[in-house]
Amino acid sequence: MDLRHLRYFVAVCDEGTVSAAADAVHVAQPSLSRQLRQLEDELGVALFRRASGRLTPSPAGLALLPQARDLLARWDSFRTSATLHAEGRLDRLTIAAPSVTMTDIVAPFVATLGPDSPTTDVLGADGTEPAALLARGTDLVVTSTSPGPPFRALRIAELPVWAQLRRDHPLASREVLPIESLLDSSIVLPPPATNARAVWDNAVQLAGLSFSGVIEAASSTIAQAHAAAGRGIAVASDDPRFDLVAIPLVHGAPARRLLVRLIAVWDGRHPAAAILKETAERLRDFTHLRYGAPE
């Protein structure tokens, strides 16, 4: 059996459609469909139900999916161990992070890595649990919560959630902005899956506030674009774009900043756990240098 076929099986289950799975594994859709048929013939069981051009996992497919994941994880671990024994280093590294963190922190960090560092892929992780990402073969996840043992975690930083607004906005000269002072303002929010939105929603709930003038943006960058167009104040943890002014948001008395907590998480059983810990420490140091994040 070709393990690629198992990866294609898992990809279709994860992505929901053959076309999305084909994009994810970088294989032409007809080839992927053909190889799934070959896998079913080899196993002697139908892994999918086929109707109206769509594939949905069959009862047998759903039953076999956890074992397929485990088999692939064991193979990846074996291959990583072999590389470590042969070369004394990790060959490839996959880091998953929320879209904002990926753009503003992880991608710039990868740009600093030298030719002797692992070849690093970066994946978006908005709305996906760290444990699920690690189970799918991600090596290191930058997230806001730790799934606990057997996973290991290292604090990266606590970074502010900003009110981002045009320079000609009446509030642009303020040093901080209490969320309580924005009730009469139009607020542009990023999607619920973002860390900044989660922190904002929690602060608003704790304060018992209700905002009526809210625009829901498709992404954090679009929220900033709306603010630049004069449609309101964007809530974001991104680096400022479009010449916006970024002012820290606070809430409560005494005033406390709205902060996004970032931690790096990896599986302590990973054969390259020591290298992943070292990478997490380098990412932490890079973040502190870039943003002046406190130790």
# chains A, B, ... in the order shown; residues from 1 in each chain; ligands from 1
call {"tool": "residues_around", "arguments": {"residues": "stretch 273-290 of chain A", "least_positions_apart": "6", "cutoff": "9 Å", "atoms": "only C-alpha atoms", "output": "list in words"}}
result
Arg89, Leu90, Leu93, Ile105, Val106, Phe109, Asp139, Leu140, Val142, Arg152, Ala153, Leu154, Arg155, Ile156, Ala157, Ile263, Ala264, Val265, Trp266 and Asp267 of chain A
call {"tool": "write_last_selection", "arguments": {"atoms": "C-alpha atoms", "output": "mmCIF file, in the first residue's frame"}}
result
data_model
loop_
_atom_site.group_PDB
_atom_site.id
_atom_site.type_symbol
_atom_site.label_atom_id
_atom_site.label_comp_id
_atom_site.auth_asym_id
_atom_site.auth_seq_id
_atom_site.Cartn_x
_atom_site.Cartn_y
_atom_site.Cartn_z
ATOM 1 C CA ARG A 89 18.982 17.607 12.515
ATOM 2 C CA LEU A 90 15.333 18.105 11.574
ATOM 3 C CA LEU A 93 9.247 21.785 10.100
ATOM 4 C CA ILE A 105 5.264 37.141 13.476
ATOM 5 C CA VAL A 106 5.809 33.650 12.072
ATOM 6 C CA PHE A 109 10.605 34.815 11.799
ATOM 7 C CA ASP A 139 5.146 20.141 14.461
ATOM 8 C CA LEU A 140 4.640 23.438 16.290
ATOM 9 C CA VAL A 142 1.290 29.038 17.929
ATOM 10 C CA ARG A 152 4.511 20.996 25.941
ATOM 11 C CA ALA A 153 4.036 24.749 25.878
ATOM 12 C CA LEU A 154 6.248 27.844 25.951
ATOM 13 C CA ARG A 155 4.969 31.377 26.442
ATOM 14 C CA ILE A 156 5.813 33.523 23.436
ATOM 15 C CA ALA A 157 4.340 36.904 24.359
ATOM 16 C CA ILE A 263 2.131 30.310 23.337
ATOM 17 C CA ALA A 264 3.963 27.706 21.268
ATOM 18 C CA VAL A 265 2.748 24.127 21.677
ATOM 19 C CA TRP A 266 4.353 20.867 20.551
ATOM 20 C CA ASP A 267 4.027 17.169 21.322
#
call {"tool": "select_by_dssp", "arguments": {"residues": "stretch 53-197 of chain A", "states": "alpha helix (DSSP H)", "output": "VMD selection string"}}
result
chain A and resid 59 to 87 99 to 101 107 to 111 130 to 135 195 to 197
call {"tool": "atom_distance", "arguments": {"atom1": "atom CA of A:Val100", "atom2": "atom CA of A:Pro118"}}
result
22.8 Å
call {"tool": "atom_distance", "arguments": {"atom1": "atom CA of A:Arg50", "atom2": "atom CA of A:Thr128"}}
result
27.4 Å
call {"tool": "residues_around", "arguments": {"residues": "A:Ser19", "least_positions_apart": "2", "cutoff": "10 Å", "atoms": "only C-alpha atoms", "output": "compact mmCIF listing (two decimals) with all heavy atoms, in the first residue's frame"}}
result
# COMPACT_ATOMS: atom_id res chain seq x y z
N VAL A 12 -9.34 14.08 2.19
CA VAL A 12 -10.72 14.24 1.75
C VAL A 12 -11.65 14.32 2.96
O VAL A 12 -12.57 15.14 3.01
CB VAL A 12 -11.15 13.09 0.82
CG1 VAL A 12 -12.64 13.17 0.51
CG2 VAL A 12 -10.35 13.13 -0.48
N GLU A 15 -10.92 17.88 4.53
CA GLU A 15 -11.27 19.06 3.72
C GLU A 15 -12.73 19.08 3.29
O GLU A 15 -13.27 20.13 2.97
CB GLU A 15 -10.37 19.13 2.48
CG GLU A 15 -8.88 19.22 2.78
CD GLU A 15 -8.52 20.49 3.51
OE1 GLU A 15 -9.23 21.50 3.34
OE2 GLU A 15 -7.52 20.48 4.25
N GLY A 16 -13.36 17.92 3.24
CA GLY A 16 -14.78 17.87 2.94
C GLY A 16 -15.13 17.65 1.48
O GLY A 16 -16.22 17.17 1.18
N THR A 17 -14.24 18.00 0.57
CA THR A 17 -14.47 17.79 -0.86
C THR A 17 -13.19 17.29 -1.51
O THR A 17 -12.08 17.55 -1.03
CB THR A 17 -14.93 19.07 -1.57
OG1 THR A 17 -13.86 20.02 -1.57
CG2 THR A 17 -16.17 19.67 -0.90
N ALA A 21 -9.40 18.79 -1.15
CA ALA A 21 -8.33 17.87 -0.76
C ALA A 21 -7.22 17.85 -1.81
O ALA A 21 -6.04 17.81 -1.46
CB ALA A 21 -8.90 16.47 -0.57
N ALA A 22 -7.61 17.89 -3.09
CA ALA A 22 -6.60 17.90 -4.15
C ALA A 22 -5.70 19.13 -4.05
O ALA A 22 -4.48 19.04 -4.23
CB ALA A 22 -7.29 17.86 -5.52
N ASP A 23 -6.31 20.28 -3.73
CA ASP A 23 -5.51 21.49 -3.53
C ASP A 23 -4.59 21.34 -2.33
O ASP A 23 -3.43 21.77 -2.37
CB ASP A 23 -6.43 22.70 -3.34
CG ASP A 23 -7.16 23.10 -4.61
OD1 ASP A 23 -6.69 22.71 -5.70
OD2 ASP A 23 -8.20 23.77 -4.51
N ALA A 24 -5.10 20.74 -1.27
CA ALA A 24 -4.32 20.62 -0.03
C ALA A 24 -3.11 19.72 -0.19
O ALA A 24 -2.05 19.98 0.39
CB ALA A 24 -5.21 20.10 1.10
N VAL A 27 -2.32 17.60 -5.69
CA VAL A 27 -2.52 16.54 -6.67
C VAL A 27 -3.73 16.90 -7.52
O VAL A 27 -4.70 17.46 -7.01
CB VAL A 27 -2.75 15.18 -5.97
CG1 VAL A 27 -3.12 14.10 -6.98
CG2 VAL A 27 -1.51 14.75 -5.20
N ALA A 28 -3.67 16.58 -8.81
CA ALA A 28 -4.81 16.84 -9.68
C ALA A 28 -6.01 16.03 -9.21
O ALA A 28 -5.88 14.88 -8.77
CB ALA A 28 -4.46 16.48 -11.12
N GLN A 29 -7.20 16.64 -9.31
CA GLN A 29 -8.40 15.99 -8.80
C GLN A 29 -8.67 14.61 -9.42
O GLN A 29 -8.97 13.66 -8.69
CB GLN A 29 -9.60 16.90 -8.99
CG GLN A 29 -10.89 16.35 -8.39
CD GLN A 29 -12.02 17.35 -8.47
OE1 GLN A 29 -11.80 18.56 -8.48
NE2 GLN A 29 -13.24 16.85 -8.54
N PRO A 30 -8.56 14.45 -10.74
CA PRO A 30 -8.80 13.12 -11.31
C PRO A 30 -7.83 12.07 -10.78
O PRO A 30 -8.21 10.92 -10.53
CB PRO A 30 -8.61 13.34 -12.82
CG PRO A 30 -8.88 14.80 -13.02
CD PRO A 30 -8.35 15.47 -11.79
N LEU A 32 -6.34 12.11 -7.83
CA LEU A 32 -6.68 11.81 -6.44
C LEU A 32 -7.86 10.84 -6.39
O LEU A 32 -7.85 9.86 -5.64
CB LEU A 32 -7.00 13.10 -5.69
CG LEU A 32 -7.19 12.95 -4.17
CD1 LEU A 32 -6.68 14.19 -3.45
CD2 LEU A 32 -8.67 12.75 -3.82
N SER A 33 -8.89 11.10 -7.20
CA SER A 33 -10.06 10.23 -7.22
C SER A 33 -9.68 8.81 -7.64
O SER A 33 -10.15 7.82 -7.06
CB SER A 33 -11.12 10.79 -8.17
OG SER A 33 -11.58 12.06 -7.74
N ARG A 54 -20.17 13.94 -5.22
CA ARG A 54 -19.53 14.25 -3.94
C ARG A 54 -19.16 12.96 -3.22
O ARG A 54 -19.81 11.92 -3.40
CB ARG A 54 -20.46 15.08 -3.04
CG ARG A 54 -20.71 16.48 -3.56
CD ARG A 54 -21.60 17.24 -2.59
NE ARG A 54 -20.99 17.35 -1.27
CZ ARG A 54 -20.14 18.30 -0.92
NH1 ARG A 54 -19.78 19.22 -1.80
NH2 ARG A 54 -19.65 18.34 0.30
call {"tool": "closest_residue", "arguments": {"among": "A:Arg92, A:Arg241, A:Arg261, A:Arg74", "to": "A:Leu159", "atoms": "only C-alpha atoms"}}
result
A:Arg261
call {"tool": "select_by_dssp", "arguments": {"residues": "stretch 12-104 of chain A", "states": "strand (DSSP E)", "output": "list in words"}}
result
Phe48, Arg49, Arg50, Ala51, Arg54, Leu55, Thr56, Pro57, Arg92, Leu93, Thr94, Ile95, Ala96 and Ala97 of chain A
call {"tool": "closest_residue", "arguments": {"among": "A:Ala193, A:Ile187, A:Ala96, A:Ala172", "to": "A:Gly213", "atoms": "only C-alpha atoms"}}
result
A:Ile187
call {"tool": "residues_around", "arguments": {"residues": "A:Ala63", "least_positions_apart": "5", "cutoff": "12 Å", "atoms": "only C-alpha atoms", "output": "number ranges by chain"}}
result
A: 13, 45-48, 57-58, 68-69
call {"tool": "closest_residue", "arguments": {"among": "A:Ala223, A:Ala198, A:Val176, A:Ala203", "to": "A:Ile247", "atoms": "only C-alpha atoms"}}
result
A:Val176
call {"tool": "closest_residue", "arguments": {"among": "A:Gly124, A:Trp75, A:Leu64, A:Gly230", "to": "A:Gly137", "atoms": "only C-alpha atoms"}}
result
A:Trp75
call {"tool": "residues_around", "arguments": {"residues": "stretch 252-256 of chain A", "least_positions_apart": "4", "cutoff": "10 Å", "atoms": "only C-alpha atoms", "output": "list of chain:residue names"}}
result
A:Val176, A:Leu177, A:Pro178, A:Ile179, A:Glu180, A:Ala203, A:Val204, A:Leu206, A:Ala207, A:Pro248
call {"tool": "write_last_selection", "arguments": {"atoms": "all heavy atoms", "output": "PDB file, in the first residue's frame"}}
result
ATOM      1  N   VAL A 176      -4.495  55.755  25.483  1.00  0.00           N
ATOM      2  CA  VAL A 176      -5.220  54.489  25.579  1.00  0.00           C
ATOM      3  C   VAL A 176      -6.695  54.788  25.340  1.00  0.00           C
ATOM      4  O   VAL A 176      -7.138  55.931  25.483  1.00  0.00           O
ATOM      5  CB  VAL A 176      -5.043  53.799  26.963  1.00  0.00           C
ATOM      6  CG1 VAL A 176      -3.590  53.427  27.202  1.00  0.00           C
ATOM      7  CG2 VAL A 176      -5.577  54.671  28.083  1.00  0.00           C
ATOM      8  N   LEU A 177      -7.453  53.749  24.995  1.00  0.00           N
ATOM      9  CA  LEU A 177      -8.889  53.911  24.784  1.00  0.00           C
ATOM     10  C   LEU A 177      -9.644  52.856  25.595  1.00  0.00           C
ATOM     11  O   LEU A 177      -9.564  51.658  25.282  1.00  0.00           O
ATOM     12  CB  LEU A 177      -9.238  53.775  23.305  1.00  0.00           C
ATOM     13  CG  LEU A 177      -9.015  55.006  22.431  1.00  0.00           C
ATOM     14  CD1 LEU A 177      -9.288  54.679  20.968  1.00  0.00           C
ATOM     15  CD2 LEU A 177      -9.921  56.153  22.888  1.00  0.00           C
ATOM     16  N   PRO A 178     -10.364  53.277  26.643  1.00  0.00           N
ATOM     17  CA  PRO A 178     -11.223  52.319  27.348  1.00  0.00           C
ATOM     18  C   PRO A 178     -12.359  51.879  26.429  1.00  0.00           C
ATOM     19  O   PRO A 178     -12.934  52.697  25.706  1.00  0.00           O
ATOM     20  CB  PRO A 178     -11.759  53.133  28.528  1.00  0.00           C
ATOM     21  CG  PRO A 178     -10.852  54.319  28.647  1.00  0.00           C
ATOM     22  CD  PRO A 178     -10.383  54.614  27.264  1.00  0.00           C
ATOM     23  N   ILE A 179     -12.670  50.592  26.449  1.00  0.00           N
ATOM     24  CA  ILE A 179     -13.763  50.133  25.592  1.00  0.00           C
ATOM     25  C   ILE A 179     -15.069  50.802  25.992  1.00  0.00           C
ATOM     26  O   ILE A 179     -15.959  51.000  25.157  1.00  0.00           O
ATOM     27  CB  ILE A 179     -13.893  48.599  25.626  1.00  0.00           C
ATOM     28  CG1 ILE A 179     -14.224  48.098  27.034  1.00  0.00           C
ATOM     29  CG2 ILE A 179     -12.624  47.943  25.117  1.00  0.00           C
ATOM     30  CD1 ILE A 179     -14.546  46.606  27.076  1.00  0.00           C
ATOM     31  N   GLU A 180     -15.172  51.197  27.275  1.00  0.00           N
ATOM     32  CA  GLU A 180     -16.390  51.854  27.739  1.00  0.00           C
ATOM     33  C   GLU A 180     -16.600  53.202  27.072  1.00  0.00           C
ATOM     34  O   GLU A 180     -17.730  53.707  27.009  1.00  0.00           O
ATOM     35  CB  GLU A 180     -16.340  52.036  29.264  1.00  0.00           C
ATOM     36  CG  GLU A 180     -16.333  50.737  30.064  1.00  0.00           C
ATOM     37  CD  GLU A 180     -14.937  50.135  30.232  1.00  0.00           C
ATOM     38  OE1 GLU A 180     -13.967  50.671  29.637  1.00  0.00           O
ATOM     39  OE2 GLU A 180     -14.821  49.129  30.966  1.00  0.00           O
ATOM     40  N   ALA A 203     -13.867  40.869  26.975  1.00  0.00           N
ATOM     41  CA  ALA A 203     -13.831  42.124  27.725  1.00  0.00           C
ATOM     42  C   ALA A 203     -15.198  42.809  27.720  1.00  0.00           C
ATOM     43  O   ALA A 203     -15.641  43.348  28.743  1.00  0.00           O
ATOM     44  CB  ALA A 203     -12.766  43.050  27.144  1.00  0.00           C
ATOM     45  N   VAL A 204     -15.871  42.796  26.588  1.00  0.00           N
ATOM     46  CA  VAL A 204     -17.194  43.409  26.486  1.00  0.00           C
ATOM     47  C   VAL A 204     -18.185  42.691  27.387  1.00  0.00           C
ATOM     48  O   VAL A 204     -19.007  43.316  28.078  1.00  0.00           O
ATOM     49  CB  VAL A 204     -17.665  43.406  25.016  1.00  0.00           C
ATOM     50  CG1 VAL A 204     -19.143  43.767  24.916  1.00  0.00           C
ATOM     51  CG2 VAL A 204     -16.829  44.385  24.197  1.00  0.00           C
ATOM     52  N   LEU A 206     -17.469  40.903  30.116  1.00  0.00           N
ATOM     53  CA  LEU A 206     -17.139  41.177  31.519  1.00  0.00           C
ATOM     54  C   LEU A 206     -17.617  42.560  31.946  1.00  0.00           C
ATOM     55  O   LEU A 206     -18.035  42.764  33.087  1.00  0.00           O
ATOM     56  CB  LEU A 206     -15.626  41.060  31.727  1.00  0.00           C
ATOM     57  CG  LEU A 206     -15.042  39.648  31.711  1.00  0.00           C
ATOM     58  CD1 LEU A 206     -13.524  39.704  31.800  1.00  0.00           C
ATOM     59  CD2 LEU A 206     -15.617  38.810  32.847  1.00  0.00           C
ATOM     60  N   ALA A 207     -17.555  43.531  31.013  1.00  0.00           N
ATOM     61  CA  ALA A 207     -17.974  44.898  31.326  1.00  0.00           C
ATOM     62  C   ALA A 207     -19.490  45.069  31.253  1.00  0.00           C
ATOM     63  O   ALA A 207     -20.010  46.116  31.658  1.00  0.00           O
ATOM     64  CB  ALA A 207     -17.295  45.872  30.379  1.00  0.00           C
ATOM     65  N   PRO A 248      -3.737  51.368  22.291  1.00  0.00           N
ATOM     66  CA  PRO A 248      -4.085  50.206  23.117  1.00  0.00           C
ATOM     67  C   PRO A 248      -5.492  50.325  23.693  1.00  0.00           C
ATOM     68  O   PRO A 248      -5.895  51.398  24.169  1.00  0.00           O
ATOM     69  CB  PRO A 248      -3.027  50.221  24.225  1.00  0.00           C
ATOM     70  CG  PRO A 248      -1.893  51.020  23.677  1.00  0.00           C
ATOM     71  CD  PRO A 248      -2.515  52.039  22.780  1.00  0.00           C
TER      72      PRO A 248
END
call {"tool": "closest_residue", "arguments": {"among": "A:Ala73, A:Thr194, A:Ala234, A:Ser185", "to": "A:Ser212", "atoms": "only C-alpha atoms"}}
result
A:Ser185
